[in-house]
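As structure tokens, the structure follows; a few thoughts come after it.
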Amino acid sequence: MTRLPDFRLETYFSRWEFTARHHLTASDVQTMTLAELLGLADDEDRDSFENLSLGYTETFGDRALREVIAQTYERADADDVICFAGAEEALYLAMNVLLGAGDHAVVVTPNYQAAETVPLALCEVSGVALDPDRDWALDLDEVAAAIRPNTRLVSVNFPNNPTGKVIDAGDFTELARMCDERGIHLFSDEVYRGLEHDPARILPQATDLSERALSLNVTSKSLGLPGLRIGWIACRDRELRSRLERAKHYTTICNAAPSEVLARIALKARETILVRNRARIAANLPFFEAFFAEFADDFAWQAPDGGCVAYPRYLGADGVEEFCTRLVEEAGVLLLPASIYRSELTATPADRFRIGIGRRDPEEGLAAFAAWMRTGR
């Protein structure tokens with residue numbers, strides 16, 4: 001196994017996620033119960049779940065599940081999809097299949113830590129930072145300048161975690177073209193797709209733009225079903241998909257059969273779930289807007305373009321790390337400070353924190369946050 005550093009986010013969550021009274025930094029939308037999900041099933045899928053044989057499943061993933069996943073793309077079919085135990089396994093194995101000693105990768109920052117630490121354990125990596133002074137813009141000229149003759153992969157994530165940024169569709173299409181022209185795989189983390197606040201901002205999916213591109217997705221984020229642990233990669237390069245399957249033989253081998261049926265139900269009801277989840281975010285946003293308006297001297301707030309996380313600035317002299325530590329210790333309100341998102345590749349802002357806007361009834365957590373702020377700390 002590749003030697004990797006501690007995963008800062010998960011280490012932080014191990015300490016606080018289930019002990020803090022108010023989890024205000026969740027990266028997923030409010031989940032549902034098993035009964036609620038089964039209530040969205042048709043008779044055939046409900047019968048499949050209730051009479052499921054608990055044997056091994058296909059390494060590629062249940063065929064019926066892959067057919068439903070393929071329907072969410074314009075140019076992919078079931079044979080272009082391979083399922084994994086969540087998005088993390090997919091990311092880890094894709095990087096290990098695509099990269100090796102002597103290769104080079106380009107990774108956009110800030111990011112989910114594994115997006116850069118896994119490539120860094122395998123080869124040389126260059127970073128290209130989203131610019132916080134230009135609304136987290138991605139400079140395609142910087143991406144082009146970072147590419148080398150041995151670059152094998154460019155990794156991006158939009159809507160972005162933690163910033164909520166969605167770049168222009170024209171820029172994303174140009175990025176895919178740039179990678180194709182150079183024989184580079186575009187690895188596109190699309191786990192928040194479907195939660196754009198303006199439907200006109202929804203980006204095309206990478207695998208629809210290029211046969212070489214990989215689109216990563218999962219049931220955890222936009223659908224709010226992290227307990228299913230079902231992720232997938234869609235890629236029209238069949239030889240690469242076969243290599244991913246062989247790599248999976250060394251990790252989970254196959255997915256949990258109940259999760260595959262439940263994921264199939266969720267994806268068939270995808271539009272219903274996404275409408276519900278976008279409505280929840282829209283209903284929550286005014287509470288966050290009001291909170292940050294009250295404490296405008298302490299924070300600089302900007303709503304995300306998409307997804308269910310935002311990345312405000314903390315303006316206090318004590319610094320965001322001390323601020324977040326005291327907040328969770330004294331008020332039981334959990335946020336993620338900027339150190340969780342620091343990069344080895346580029347400078348990243350040190351005065352930000354991640355806050356989640358997709359969970360049900362955030363008022364209680366925001367009230368505890370506000371009460372603590374009003375005490376003068």
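Going by the structure tokens order, chains are called A, B, ..., each with residues numbered from 1, while ligands are numbered from 1 in the order shown.
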
Which polymer residues have any atom within 9 Å of an atom of A:Pro162, counting only C-alpha atoms, with same-chain residues fewer than 3 positions away left out, as a ChimeraX atom specification? /A:27,110-112,159,165,309-311,341,353-355

Dump of all heavy atoms for the selected residues, as a compact mmCIF listing (two decimals), in the first residue's frame:
```
# COMPACT_ATOMS: atom_id res chain seq x y z
N SER A 27 -20.55 18.03 4.88
CA SER A 27 -20.32 18.17 3.44
C SER A 27 -21.39 17.48 2.61
O SER A 27 -21.28 17.41 1.38
CB SER A 27 -18.96 17.57 3.08
OG SER A 27 -18.94 16.18 3.36
N PRO A 110 -7.94 24.98 -3.65
CA PRO A 110 -7.98 23.98 -2.58
C PRO A 110 -8.82 22.80 -3.00
O PRO A 110 -9.60 22.88 -3.96
CB PRO A 110 -8.61 24.75 -1.41
CG PRO A 110 -9.46 25.80 -2.05
CD PRO A 110 -8.74 26.19 -3.30
N ASN A 111 -8.68 21.69 -2.25
CA ASN A 111 -9.32 20.46 -2.69
C ASN A 111 -9.55 19.52 -1.52
O ASN A 111 -9.12 19.77 -0.39
CB ASN A 111 -8.44 19.78 -3.74
CG ASN A 111 -7.01 19.59 -3.26
OD1 ASN A 111 -6.77 19.19 -2.14
ND2 ASN A 111 -6.04 19.91 -4.12
N TYR A 112 -10.24 18.45 -1.81
CA TYR A 112 -10.35 17.32 -0.89
C TYR A 112 -8.96 16.69 -0.82
O TYR A 112 -8.37 16.38 -1.85
CB TYR A 112 -11.38 16.35 -1.46
CG TYR A 112 -11.68 15.16 -0.61
CD1 TYR A 112 -12.32 15.29 0.62
CD2 TYR A 112 -11.39 13.88 -1.06
CE1 TYR A 112 -12.63 14.18 1.40
CE2 TYR A 112 -11.69 12.76 -0.30
CZ TYR A 112 -12.32 12.92 0.92
OH TYR A 112 -12.62 11.81 1.68
N PRO A 159 -18.95 21.40 -8.68
CA PRO A 159 -18.78 22.43 -7.66
C PRO A 159 -17.70 22.04 -6.66
O PRO A 159 -17.65 20.89 -6.23
CB PRO A 159 -20.15 22.53 -7.00
CG PRO A 159 -21.11 22.04 -8.04
CD PRO A 159 -20.37 20.97 -8.78
N LYS A 165 -17.30 26.82 -5.61
CA LYS A 165 -17.12 27.46 -6.91
C LYS A 165 -17.58 26.55 -8.05
O LYS A 165 -17.31 25.35 -8.05
CB LYS A 165 -15.64 27.84 -7.12
CG LYS A 165 -15.32 28.40 -8.49
CD LYS A 165 -15.98 29.75 -8.71
CE LYS A 165 -15.60 30.36 -10.05
NZ LYS A 165 -16.28 31.65 -10.28
N VAL A 309 -21.59 23.35 0.73
CA VAL A 309 -20.60 23.91 1.64
C VAL A 309 -20.19 25.30 1.15
O VAL A 309 -20.23 25.58 -0.05
CB VAL A 309 -19.35 23.02 1.81
CG1 VAL A 309 -19.70 21.70 2.47
CG2 VAL A 309 -18.65 22.78 0.47
N ALA A 310 -19.81 26.15 2.10
CA ALA A 310 -19.29 27.48 1.79
C ALA A 310 -17.98 27.67 2.54
O ALA A 310 -17.67 26.91 3.47
CB ALA A 310 -20.30 28.56 2.18
N TYR A 311 -17.23 28.71 2.16
CA TYR A 311 -15.87 28.88 2.70
C TYR A 311 -15.66 30.35 3.08
O TYR A 311 -14.87 31.06 2.45
CB TYR A 311 -14.87 28.44 1.64
CG TYR A 311 -13.55 27.94 2.16
CD1 TYR A 311 -13.47 27.12 3.29
CD2 TYR A 311 -12.37 28.26 1.50
CE1 TYR A 311 -12.25 26.64 3.74
CE2 TYR A 311 -11.14 27.78 1.94
CZ TYR A 311 -11.09 26.98 3.06
OH TYR A 311 -9.87 26.50 3.51
N TYR A 341 -7.49 22.36 4.81
CA TYR A 341 -7.42 22.50 3.35
C TYR A 341 -6.10 23.09 2.87
O TYR A 341 -6.00 23.50 1.71
CB TYR A 341 -8.60 23.34 2.85
CG TYR A 341 -9.90 22.61 3.03
CD1 TYR A 341 -10.71 22.84 4.14
CD2 TYR A 341 -10.30 21.64 2.13
CE1 TYR A 341 -11.88 22.14 4.33
CE2 TYR A 341 -11.47 20.92 2.30
CZ TYR A 341 -12.25 21.18 3.40
OH TYR A 341 -13.41 20.47 3.59
N PHE A 353 -12.89 29.09 6.78
CA PHE A 353 -13.41 27.89 7.42
C PHE A 353 -14.57 27.36 6.58
O PHE A 353 -15.26 28.12 5.90
CB PHE A 353 -13.86 28.15 8.86
CG PHE A 353 -14.95 29.19 9.00
CD1 PHE A 353 -16.29 28.84 8.97
CD2 PHE A 353 -14.62 30.53 9.15
CE1 PHE A 353 -17.29 29.80 9.10
CE2 PHE A 353 -15.61 31.51 9.28
CZ PHE A 353 -16.95 31.13 9.26
N ARG A 354 -14.76 26.04 6.64
CA ARG A 354 -15.87 25.44 5.89
C ARG A 354 -17.09 25.33 6.77
O ARG A 354 -17.01 24.89 7.93
CB ARG A 354 -15.50 24.04 5.38
CG ARG A 354 -16.51 23.52 4.36
CD ARG A 354 -16.19 22.12 3.91
NE ARG A 354 -16.65 21.11 4.86
CZ ARG A 354 -16.50 19.80 4.71
NH1 ARG A 354 -15.86 19.34 3.64
NH2 ARG A 354 -16.94 18.95 5.61
N ILE A 355 -18.23 25.73 6.21
CA ILE A 355 -19.50 25.61 6.89
C ILE A 355 -20.48 24.91 5.95
O ILE A 355 -20.45 25.13 4.74
CB ILE A 355 -20.03 27.01 7.33
CG1 ILE A 355 -21.19 26.87 8.31
CG2 ILE A 355 -20.39 27.88 6.15
CD1 ILE A 355 -21.50 28.16 9.06
```

Applying 12 Å and only C-alpha atoms, which residues near A:Ala176 remain after dropping the ones on its own chain fewer than 2 positions away? List them as a ChimeraX atom specification. /A:140,143-144,153-156,169-174,178-188,203-215

For the structure I just gave you, how does DSSP split stretch 56-203 of chain A - specifically, which residues are helix (DSSP H, G or I)? Reply as an MDAnalysis selection string. chainID A and resid 63:70 78:80 86:98 114:120 132:134 140:146 169:181 199:201

Go through A:Glu190, A:Asp318, A:Asp42, A:Asp77 one by one, measure the shortest atom-to-atom distance of each to A:Leu91 using only C-alpha atoms, and give the residue with the smallest value.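 When distances to A:Leu91 are compared using only C-alpha atoms, the smallest one comes from A:Glu190.
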
Neighbour list for A:Glu322 as a PyMOL selection string, cut-off 12 Å, only C-alpha atoms, skip fewer than 2 positions in-chain: chain A and resi 314+316-320+324-330+335-339+350-351+353+377

I'd like to know which of A:His104, A:Arg229, A:His197, A:Arg246 is closest to A:Leu285, using only C-alpha atoms.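 The shortest atom-to-atom distance to A:Leu285 comes from A:His197.
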
Residues at most 12 Å from A:Pro132, counting only C-alpha atoms, excluding those fewer than 4 positions away in the same chain, as a VMD selection string? chain A and resid 109 to 110 136 to 139 162 to 165 300 302 311 to 313 347 to 352

Of the residues A:Asp189, A:Asp79, A:Glu116, A:Asp135, which is the one nearest to A:Ile167, using only C-alpha atoms?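 Nearest to A:Ile167: A:Asp135.
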